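File shown: input25.pdb (PDB, C-alpha atoms and all ligand atoms).
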```pdb
ATOM      1  CA  MET A 821     -12.429  11.457 -21.951  1.00  0.00           C
ATOM      2  CA  SER A 822     -14.765  11.279 -18.990  1.00  0.00           C
ATOM      3  CA  GLU A 823     -15.802   7.919 -17.552  1.00  0.00           C
ATOM      4  CA  ARG A 824     -17.650   6.621 -14.495  1.00  0.00           C
ATOM      5  CA  VAL A 825     -15.155   5.822 -11.722  1.00  0.00           C
ATOM      6  CA  SER A 826     -16.059   4.131  -8.451  1.00  0.00           C
ATOM      7  CA  LEU A 827     -14.148   5.284  -5.386  1.00  0.00           C
ATOM      8  CA  ARG A 828     -14.149   4.356  -1.698  1.00  0.00           C
ATOM      9  CA  VAL A 829     -13.908   7.595   0.301  1.00  0.00           C
ATOM     10  CA  ASN A 830     -14.233   7.812   4.079  1.00  0.00           C
ATOM     11  CA  GLY A 831     -15.959   4.443   4.220  1.00  0.00           C
ATOM     12  CA  ARG A 832     -18.494   5.138   1.472  1.00  0.00           C
ATOM     13  CA  THR A 833     -18.590   4.087  -2.150  1.00  0.00           C
ATOM     14  CA  VAL A 834     -19.057   7.043  -4.487  1.00  0.00           C
ATOM     15  CA  GLN A 835     -19.276   7.331  -8.257  1.00  0.00           C
ATOM     16  CA  VAL A 836     -17.704  10.202 -10.133  1.00  0.00           C
ATOM     17  CA  ASP A 837     -17.592  11.108 -13.796  1.00  0.00           C
ATOM     18  CA  ALA A 838     -14.068  12.170 -14.656  1.00  0.00           C
ATOM     19  CA  ALA A 839     -11.132  11.370 -16.881  1.00  0.00           C
ATOM     20  CA  ALA A 840      -9.040   8.550 -15.435  1.00  0.00           C
ATOM     21  CA  ASP A 841      -5.974  10.779 -15.217  1.00  0.00           C
ATOM     22  CA  THR A 842      -7.737  13.510 -13.206  1.00  0.00           C
ATOM     23  CA  PRO A 843      -5.838  14.198  -9.972  1.00  0.00           C
ATOM     24  CA  LEU A 844      -7.635  12.748  -6.949  1.00  0.00           C
ATOM     25  CA  LEU A 845      -7.388  16.120  -5.167  1.00  0.00           C
ATOM     26  CA  HIS A 846      -9.455  17.790  -7.872  1.00  0.00           C
ATOM     27  CA  VAL A 847     -12.203  15.173  -7.592  1.00  0.00           C
ATOM     28  CA  LEU A 848     -12.276  15.305  -3.794  1.00  0.00           C
ATOM     29  CA  ARG A 849     -12.611  19.074  -3.722  1.00  0.00           C
ATOM     30  CA  GLU A 850     -14.657  19.821  -6.835  1.00  0.00           C
ATOM     31  CA  SER A 851     -16.880  16.749  -7.228  1.00  0.00           C
ATOM     32  CA  LEU A 852     -17.246  15.438  -3.688  1.00  0.00           C
ATOM     33  CA  GLY A 853     -17.111  18.691  -1.705  1.00  0.00           C
ATOM     34  CA  LEU A 854     -14.323  17.387   0.534  1.00  0.00           C
ATOM     35  CA  VAL A 855     -12.295  20.574   0.715  1.00  0.00           C
ATOM     36  CA  GLY A 856     -10.128  19.714   3.730  1.00  0.00           C
ATOM     37  CA  ALA A 857      -7.168  18.645   1.587  1.00  0.00           C
ATOM     38  CA  ARG A 858      -5.624  21.786   0.108  1.00  0.00           C
ATOM     39  CA  PHE A 859      -3.945  22.628  -3.161  1.00  0.00           C
ATOM     40  CA  GLY A 860      -0.485  23.996  -2.458  1.00  0.00           C
ATOM     41  CA  CYS A 861       2.352  23.287  -4.872  1.00  0.00           C
ATOM     42  CA  GLY A 862       0.475  20.918  -7.181  1.00  0.00           C
ATOM     43  CA  GLU A 863       3.570  18.805  -7.685  1.00  0.00           C
ATOM     44  CA  GLY A 864       3.855  16.525  -4.686  1.00  0.00           C
ATOM     45  CA  ALA A 865       6.271  18.686  -2.727  1.00  0.00           C
ATOM     46  CA  CYS A 866       4.397  20.513   0.072  1.00  0.00           C
ATOM     47  CA  GLY A 867       2.067  17.948   1.674  1.00  0.00           C
ATOM     48  CA  ALA A 868      -1.012  20.200   1.860  1.00  0.00           C
ATOM     49  CA  CYS A 869      -3.071  17.781  -0.238  1.00  0.00           C
ATOM     50  CA  ARG A 870      -2.235  14.539   1.530  1.00  0.00           C
ATOM     51  CA  VAL A 871      -4.821  11.805   2.071  1.00  0.00           C
ATOM     52  CA  LEU A 872      -4.606   8.229   3.286  1.00  0.00           C
ATOM     53  CA  VAL A 873      -4.753   5.538   0.632  1.00  0.00           C
ATOM     54  CA  ASP A 874      -5.107   2.114   2.236  1.00  0.00           C
ATOM     55  CA  GLY A 875      -3.802   3.727   5.418  1.00  0.00           C
ATOM     56  CA  ARG A 876      -0.681   5.252   3.877  1.00  0.00           C
ATOM     57  CA  SER A 877      -0.171   8.988   3.416  1.00  0.00           C
ATOM     58  CA  GLN A 878      -0.035  10.033  -0.229  1.00  0.00           C
ATOM     59  CA  THR A 879      -0.147  13.340  -2.058  1.00  0.00           C
ATOM     60  CA  ALA A 880      -3.462  13.700  -3.887  1.00  0.00           C
ATOM     61  CA  CYS A 881      -2.482  16.528  -6.260  1.00  0.00           C
ATOM     62  CA  ASP A 882      -0.433  14.184  -8.416  1.00  0.00           C
ATOM     63  CA  LEU A 883      -2.364  10.952  -7.869  1.00  0.00           C
ATOM     64  CA  PRO A 884      -4.527   9.985 -10.859  1.00  0.00           C
ATOM     65  CA  LEU A 885      -7.953   8.487 -10.299  1.00  0.00           C
ATOM     66  CA  TRP A 886      -7.041   5.268 -12.066  1.00  0.00           C
ATOM     67  CA  ALA A 887      -4.439   4.599  -9.361  1.00  0.00           C
ATOM     68  CA  VAL A 888      -6.953   4.736  -6.493  1.00  0.00           C
ATOM     69  CA  GLU A 889      -9.961   2.974  -7.941  1.00  0.00           C
ATOM     70  CA  GLY A 890     -11.094   0.315  -5.447  1.00  0.00           C
ATOM     71  CA  ARG A 891      -8.667   1.477  -2.770  1.00  0.00           C
ATOM     72  CA  GLU A 892      -9.684   2.905   0.601  1.00  0.00           C
ATOM     73  CA  ILE A 893      -9.252   6.687   0.612  1.00  0.00           C
ATOM     74  CA  THR A 894      -9.470   8.648   3.854  1.00  0.00           C
ATOM     75  CA  THR A 895      -9.491  12.433   3.835  1.00  0.00           C
ATOM     76  CA  VAL A 896      -9.058  14.695   6.836  1.00  0.00           C
ATOM     77  CA  GLU A 897     -12.862  14.742   7.141  1.00  0.00           C
ATOM     78  CA  GLY A 898     -12.795  10.995   7.817  1.00  0.00           C
ATOM     79  CA  LEU A 899     -10.179  11.019  10.586  1.00  0.00           C
ATOM     80  CA  ASP A 900     -10.784  10.404  14.276  1.00  0.00           C
ATOM     81  CA  PRO A 901     -11.582  13.890  15.656  1.00  0.00           C
ATOM     82  CA  ALA A 902      -9.249  13.276  18.627  1.00  0.00           C
ATOM     83  CA  LEU A 903      -6.295  14.192  16.450  1.00  0.00           C
ATOM     84  CA  ALA A 904      -7.767  17.554  15.404  1.00  0.00           C
ATOM     85  CA  GLU A 905      -8.696  18.196  19.040  1.00  0.00           C
ATOM     86  CA  ALA A 906      -5.071  17.705  20.041  1.00  0.00           C
ATOM     87  CA  PHE A 907      -4.030  20.203  17.333  1.00  0.00           C
ATOM     88  CA  GLU A 908      -6.528  22.662  18.752  1.00  0.00           C
ATOM     89  CA  ALA A 909      -5.350  22.102  22.315  1.00  0.00           C
ATOM     90  CA  GLU A 910      -1.747  22.819  21.293  1.00  0.00           C
ATOM     91  CA  GLN A 911      -2.771  25.718  19.003  1.00  0.00           C
ATOM     92  CA  ALA A 912      -0.945  23.870  16.263  1.00  0.00           C
ATOM     93  CA  ALA A 913      -2.716  25.627  13.401  1.00  0.00           C
ATOM     94  CA  GLN A 914      -1.700  29.195  12.653  1.00  0.00           C
ATOM     95  CA  CYS A 915      -3.048  29.990   9.183  1.00  0.00           C
ATOM     96  CA  GLY A 916      -4.155  26.341   8.978  1.00  0.00           C
ATOM     97  CA  TYR A 917      -3.202  25.820   5.358  1.00  0.00           C
ATOM     98  CA  CYS A 918      -0.914  22.894   6.114  1.00  0.00           C
ATOM     99  CA  SER A 919      -3.114  21.409   8.839  1.00  0.00           C
ATOM    100  CA  ALA A 920      -5.093  18.847   6.849  1.00  0.00           C
ATOM    101  CA  GLY A 921      -1.923  17.411   5.385  1.00  0.00           C
ATOM    102  CA  MET A 922      -0.245  17.412   8.785  1.00  0.00           C
ATOM    103  CA  LEU A 923      -3.220  15.606  10.325  1.00  0.00           C
ATOM    104  CA  ILE A 924      -3.061  12.980   7.606  1.00  0.00           C
ATOM    105  CA  GLY A 925       0.688  12.551   8.087  1.00  0.00           C
ATOM    106  CA  ALA A 926       0.142  12.239  11.827  1.00  0.00           C
ATOM    107  CA  ALA A 927      -2.651   9.705  11.378  1.00  0.00           C
ATOM    108  CA  ALA A 928      -0.446   7.580   9.136  1.00  0.00           C
ATOM    109  CA  LEU A 929       2.354   7.714  11.691  1.00  0.00           C
ATOM    110  CA  LEU A 930       0.127   6.831  14.653  1.00  0.00           C
ATOM    111  CA  ARG A 931      -1.329   3.924  12.742  1.00  0.00           C
ATOM    112  CA  GLU A 932       2.138   2.411  12.362  1.00  0.00           C
ATOM    113  CA  THR A 933       3.674   3.763  15.570  1.00  0.00           C
ATOM    114  CA  PRO A 934       1.022   4.451  18.224  1.00  0.00           C
ATOM    115  CA  ARG A 935       3.524   5.887  20.743  1.00  0.00           C
ATOM    116  CA  PRO A 936       6.108   7.794  18.713  1.00  0.00           C
ATOM    117  CA  ASP A 937       8.808   9.930  20.264  1.00  0.00           C
ATOM    118  CA  ALA A 938       9.422  13.499  19.123  1.00  0.00           C
ATOM    119  CA  GLY A 939      12.123  12.433  16.682  1.00  0.00           C
ATOM    120  CA  GLN A 940       9.765   9.998  14.976  1.00  0.00           C
ATOM    121  CA  VAL A 941       7.069  12.678  14.671  1.00  0.00           C
ATOM    122  CA  ILE A 942       9.555  15.163  13.204  1.00  0.00           C
ATOM    123  CA  ALA A 943      10.805  12.574  10.729  1.00  0.00           C
ATOM    124  CA  ALA A 944       7.264  11.592   9.712  1.00  0.00           C
ATOM    125  CA  LEU A 945       6.252  15.191   9.023  1.00  0.00           C
ATOM    126  CA  ASP A 946       9.562  16.228   7.507  1.00  0.00           C
ATOM    127  CA  ASP A 947       8.205  16.581   3.974  1.00  0.00           C
ATOM    128  CA  HIS A 948       5.221  18.700   5.076  1.00  0.00           C
ATOM    129  CA  LEU A 949       5.839  22.407   4.594  1.00  0.00           C
ATOM    130  CA  CYS A 950       4.493  24.901   7.125  1.00  0.00           C
ATOM    131  CA  ARG A 951       5.197  28.466   6.124  1.00  0.00           C
ATOM    132  CA  CYS A 952       4.005  29.683   9.548  1.00  0.00           C
ATOM    133  CA  GLY A 953       6.711  27.803  11.418  1.00  0.00           C
ATOM    134  CA  ALA A 954       4.176  25.922  13.535  1.00  0.00           C
ATOM    135  CA  HIS A 955       6.166  22.679  13.462  1.00  0.00           C
ATOM    136  CA  PRO A 956       7.048  22.652  17.195  1.00  0.00           C
ATOM    137  CA  ARG A 957       3.381  23.001  18.151  1.00  0.00           C
ATOM    138  CA  ILE A 958       2.375  20.414  15.572  1.00  0.00           C
ATOM    139  CA  VAL A 959       4.866  17.934  17.011  1.00  0.00           C
ATOM    140  CA  ARG A 960       3.505  18.589  20.516  1.00  0.00           C
ATOM    141  CA  ALA A 961      -0.029  18.047  19.215  1.00  0.00           C
ATOM    142  CA  VAL A 962       0.845  14.682  17.701  1.00  0.00           C
ATOM    143  CA  LEU A 963       2.536  13.600  20.934  1.00  0.00           C
ATOM    144  CA  ARG A 964      -0.533  14.750  22.868  1.00  0.00           C
ATOM    145  CA  ALA A 965      -2.776  12.758  20.541  1.00  0.00           C
ATOM    146  CA  ALA A 966      -0.607   9.715  21.097  1.00  0.00           C
ATOM    147  CA  GLY A 967      -1.067  10.109  24.823  1.00  0.00           C
ATOM    148  CA  ALA A 968       2.649  10.665  25.223  1.00  0.00           C
ATOM    149  CA  THR A 969       2.190  14.015  26.977  1.00  0.00           C
ATOM    150  CA  GLY A 970      -0.478  15.915  28.821  1.00  0.00           C
TER     151      GLY A 970
HETATM  152  S1  LIG B1001      -0.359  20.385  -3.342  1.00  0.00           S
HETATM  153 FE1  LIG B1001       0.109  18.290  -3.350  1.00  0.00          FE
HETATM  154  S2  LIG B1001       2.055  18.152  -2.429  1.00  0.00           S
HETATM  155 FE2  LIG B1001       1.695  20.295  -2.610  1.00  0.00          FE
HETATM  156  S1  LIG B1002      -0.045  26.818  10.041  1.00  0.00           S
HETATM  157 FE1  LIG B1002       0.208  28.120   8.287  1.00  0.00          FE
HETATM  158  S2  LIG B1002       1.219  26.847   6.859  1.00  0.00           S
HETATM  159 FE2  LIG B1002       1.221  25.687   8.669  1.00  0.00          FE
END
```
Mind converting the file's structure to structure tokens?
Ligand code: FES
Ligand code: FES
Amino acid sequence: MSERVSLRVNGRTVQVDAAADTPLLHVLRESLGLVGARFGCGEGACGACRVLVDGRSQTACDLPLWAVEGREITTVEGLDPALAEAFEAEQAAQCGYCSAGMLIGAAALLRETPRPDAGQVIAALDDHLCRCGAHPRIVRAVLRAAGATG
């Protein structure tokens, strides 16, 4: 049954009409036009759909609306562009399918650990799949964004 749900997304309050158990990813993409987060596995295993919820990285494909009502959601569209610029500088996106999730994972890491070392970046992005094998470039991009290189 559809109901009016109030969400905080990228600093704005938005209202959506959806069933309370609708996955957040579906609402972001289909109702709010925020298509940066991608649908990959649909079961919380690939990381393509990740968003920040109250600053922590969470998969949005398996996160029901009722669980995020009133919480602060940040999608890749709401991130500081400096992070995406570092990805571009390191050519860290090949097909780009994993990139939004990687950027979210990186943002969550840098929030907690502003100057991570390579091992901390690798560990933070460990559960993000990249079928293109771009992980080394992605790690370099996160270190660049942190000001640790370049
Ligand atoms: S689509 Fe959500 S984790 Fe894969
Ligand atoms: S760049 Fe293609 S899946 Fe990561």
Selection: 8 Å around Ala840 (chain A), only C-alpha atoms, excl. self and same-chain fewer than 5 positions, as a list in words: Met821, Ser822, Glu823, Val825, Pro884, Leu885 and Trp886 of chain A
Could you take the residues named above and write them with C-alpha atoms, as an mmCIF file, in the coordinates of the input?
```
data_model
loop_
_atom_site.group_PDB
_atom_site.id
_atom_site.type_symbol
_atom_site.label_atom_id
_atom_site.label_comp_id
_atom_site.auth_asym_id
_atom_site.auth_seq_id
_atom_site.Cartn_x
_atom_site.Cartn_y
_atom_site.Cartn_z
ATOM 1 C CA MET A 821 -12.429 11.457 -21.951
ATOM 2 C CA SER A 822 -14.765 11.279 -18.990
ATOM 3 C CA GLU A 823 -15.802 7.919 -17.552
ATOM 4 C CA VAL A 825 -15.155 5.822 -11.722
ATOM 5 C CA PRO A 884 -4.527 9.985 -10.859
ATOM 6 C CA LEU A 885 -7.953 8.487 -10.299
ATOM 7 C CA TRP A 886 -7.041 5.268 -12.066
#
```
Atom-to-atom span, CA of Leu852 (chain A) and CA of Asp874 (chain A), Å: 19.0 Å
Proximity to ligand LIG 1001 (chain B) - best of A:Cys881, A:Ile958, A:Ala944, A:Ala912, all atoms listed in the file: A:Cys881
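Taking only C-alpha atoms and all ligand atoms into account, the protein and nucleic acid residues that come at most 10 Å from ligand LIG 1002 (chain B) are A:Gly860, A:Cys866, A:Ala868, A:Gln911, A:Ala912, A:Ala913, A:Gln914, A:Cys915, A:Gly916, A:Tyr917, A:Cys918, A:Ser919, A:Ala920, A:Gly921, A:Met922, A:His948, A:Leu949, A:Cys950, A:Arg951, A:Cys952, A:Gly953, A:Ala954, A:His955, A:Arg957, A:Ile958.
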Edge lengths and centre in Å to one decimal, as AutoDock Vina command-line options, is what I'm after for the box along x, y and z that holds all listed atoms of ligand LIG 1001 (chain B) once 6 Å is added on each side.
```
--center_x 0.8 --center_y 19.3 --center_z -2.9 --size_x 14.4 --size_y 14.2 --size_z 12.9
```
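Comparing A:Ile942, A:Ala865, A:Leu827, A:Val836 by their smallest distance to Gln878 (chain A), the closest is A:Ala865 (using all atoms listed in the file).
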Could you list, as a PDB file with C-alpha atoms, keeping the file's coordinate frame, all protein and nucleic acid residues with an atom at most 7 Å from ligand LIG 1001 (chain B), counting all atoms listed in the file?
```pdb
ATOM      1  CA  ARG A 858      -5.624  21.786   0.108  1.00  0.00           C
ATOM      2  CA  PHE A 859      -3.945  22.628  -3.161  1.00  0.00           C
ATOM      3  CA  GLY A 860      -0.485  23.996  -2.458  1.00  0.00           C
ATOM      4  CA  CYS A 861       2.352  23.287  -4.872  1.00  0.00           C
ATOM      5  CA  GLY A 862       0.475  20.918  -7.181  1.00  0.00           C
ATOM      6  CA  GLU A 863       3.570  18.805  -7.685  1.00  0.00           C
ATOM      7  CA  GLY A 864       3.855  16.525  -4.686  1.00  0.00           C
ATOM      8  CA  ALA A 865       6.271  18.686  -2.727  1.00  0.00           C
ATOM      9  CA  CYS A 866       4.397  20.513   0.072  1.00  0.00           C
ATOM     10  CA  GLY A 867       2.067  17.948   1.674  1.00  0.00           C
ATOM     11  CA  ALA A 868      -1.012  20.200   1.860  1.00  0.00           C
ATOM     12  CA  CYS A 869      -3.071  17.781  -0.238  1.00  0.00           C
ATOM     13  CA  ARG A 870      -2.235  14.539   1.530  1.00  0.00           C
ATOM     14  CA  THR A 879      -0.147  13.340  -2.058  1.00  0.00           C
ATOM     15  CA  ALA A 880      -3.462  13.700  -3.887  1.00  0.00           C
ATOM     16  CA  CYS A 881      -2.482  16.528  -6.260  1.00  0.00           C
ATOM     17  CA  ASP A 882      -0.433  14.184  -8.416  1.00  0.00           C
TER      18      ASP A 882
END
```
Closest of A:Asp947, A:Glu908, A:Glu897, A:Asp937 to Ala857 (chain A) - atom-to-atom distances counting only C-alpha atoms: A:Glu897
Separation of CA of Glu889 (chain A) from CA of Ala927 (chain A), in Å and rounded to one decimal: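 Atom-to-atom, CA of Glu889 (chain A) to CA of Ala927 (chain A), that is 21.7 Å.
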Ground truth for the PyMOL selection byres (((chain A and resi 929) around 9) and not hetatm), written as a VMD selection string: chain A and resid 876 to 877 924 to 928 930 to 934 936 940 to 941 944 to 945
Local residues around (-1.4, 20.8, 18.5), at most 9 Å away, using only C-alpha atoms, as a ChimeraX atom specification: /A:903-913,956-965
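Interatomic distance, CA of Gly967 (chain A) against CA of Val829 (chain A): 27.8 Å.
Proximity of A:Gly831, A:Gly939, A:Gly856, A:Gly875 to Val896 (chain A), computed with all atoms listed in the file, is greatest for A:Gly856.
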Counting all atoms listed in the file, the option among A:Ile893, A:Ala887, A:Ala943, A:Val855 closest to Thr833 (chain A): A:Ile893
As a tab-separated table (two decimals), in the coordinates of the input, the rebuilt region 926-937 of chain A with all heavy atoms:
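Okay, this is what ended up in selection.tsv:
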```tsv
chain	number	residue	atom	x	y	z
A	926	ALA	N	0.15	12.71	10.44
A	926	ALA	CA	0.14	12.24	11.83
A	926	ALA	C	-0.67	10.96	11.97
A	926	ALA	O	-0.27	10.02	12.67
A	926	ALA	CB	-0.43	13.33	12.73
A	927	ALA	N	-1.80	10.91	11.30
A	927	ALA	CA	-2.65	9.70	11.38
A	927	ALA	C	-1.92	8.49	10.82
A	927	ALA	O	-1.98	7.39	11.39
A	927	ALA	CB	-3.96	9.94	10.62
A	928	ALA	N	-1.20	8.70	9.73
A	928	ALA	CA	-0.45	7.58	9.14
A	928	ALA	C	0.64	7.11	10.10
A	928	ALA	O	0.86	5.91	10.28
A	928	ALA	CB	0.16	8.01	7.80
A	929	LEU	N	1.31	8.08	10.73
A	929	LEU	CA	2.35	7.71	11.69
A	929	LEU	C	1.77	6.93	12.86
A	929	LEU	O	2.30	5.87	13.25
A	929	LEU	CB	3.03	8.99	12.21
A	929	LEU	CG	3.96	8.78	13.41
A	929	LEU	CD1	5.19	7.98	13.01
A	929	LEU	CD2	4.36	10.11	14.04
A	930	LEU	N	0.68	7.46	13.45
A	930	LEU	CA	0.13	6.83	14.65
A	930	LEU	C	-0.45	5.45	14.37
A	930	LEU	O	-0.53	4.60	15.26
A	930	LEU	CB	-0.93	7.74	15.28
A	930	LEU	CG	-0.39	9.09	15.80
A	930	LEU	CD1	-1.52	9.94	16.35
A	930	LEU	CD2	0.70	8.89	16.84
A	931	ARG	N	-0.83	5.24	13.13
A	931	ARG	CA	-1.33	3.92	12.74
A	931	ARG	C	-0.20	2.89	12.82
A	931	ARG	O	-0.39	1.76	13.26
A	931	ARG	CB	-1.86	4.04	11.30
A	931	ARG	CG	-2.65	2.88	10.80
A	931	ARG	CD	-3.31	3.26	9.49
A	931	ARG	NE	-4.03	2.11	8.96
A	931	ARG	CZ	-3.48	1.22	8.13
A	931	ARG	NH1	-2.26	1.39	7.72
A	931	ARG	NH2	-4.20	0.19	7.72
A	932	GLU	N	0.97	3.31	12.38
A	932	GLU	CA	2.14	2.41	12.36
A	932	GLU	C	2.86	2.40	13.71
A	932	GLU	O	3.39	1.37	14.13
A	932	GLU	CB	3.14	2.89	11.30
A	932	GLU	CG	2.64	2.86	9.88
A	932	GLU	CD	2.85	1.50	9.24
A	932	GLU	OE1	3.95	0.96	9.40
A	932	GLU	OE2	1.91	1.00	8.61
A	933	THR	N	2.89	3.58	14.34
A	933	THR	CA	3.67	3.76	15.57
A	933	THR	C	2.79	4.51	16.57
A	933	THR	O	2.83	5.73	16.64
A	933	THR	CB	4.96	4.59	15.27
A	933	THR	OG1	5.64	4.00	14.16
A	933	THR	CG2	5.89	4.65	16.45
A	934	PRO	N	1.99	3.78	17.35
A	934	PRO	CA	1.02	4.45	18.22
A	934	PRO	C	1.64	5.35	19.29
A	934	PRO	O	1.01	6.29	19.75
A	934	PRO	CB	0.27	3.28	18.86
A	934	PRO	CG	0.50	2.12	17.95
A	934	PRO	CD	1.84	2.33	17.35
A	935	ARG	N	2.87	5.06	19.70
A	935	ARG	CA	3.52	5.89	20.74
A	935	ARG	C	4.86	6.41	20.21
A	935	ARG	O	5.94	6.00	20.69
A	935	ARG	CB	3.76	5.05	22.00
A	935	ARG	CG	2.50	4.64	22.72
A	935	ARG	CD	1.91	5.81	23.46
A	935	ARG	NE	0.64	5.48	24.04
A	935	ARG	CZ	0.25	5.85	25.24
A	935	ARG	NH1	1.03	6.57	25.99
A	935	ARG	NH2	-0.95	5.53	25.67
A	936	PRO	N	4.84	7.30	19.27
A	936	PRO	CA	6.11	7.79	18.71
A	936	PRO	C	6.80	8.73	19.69
A	936	PRO	O	6.16	9.33	20.55
A	936	PRO	CB	5.66	8.57	17.47
A	936	PRO	CG	4.29	9.07	17.83
A	936	PRO	CD	3.68	7.99	18.69
A	937	ASP	N	8.12	8.87	19.53
A	937	ASP	CA	8.81	9.93	20.26
A	937	ASP	C	8.90	11.15	19.35
A	937	ASP	O	8.50	11.09	18.17
A	937	ASP	CB	10.18	9.46	20.76
A	937	ASP	CG	11.12	9.04	19.63
A	937	ASP	OD1	10.96	9.54	18.49
A	937	ASP	OD2	12.02	8.21	19.88
```
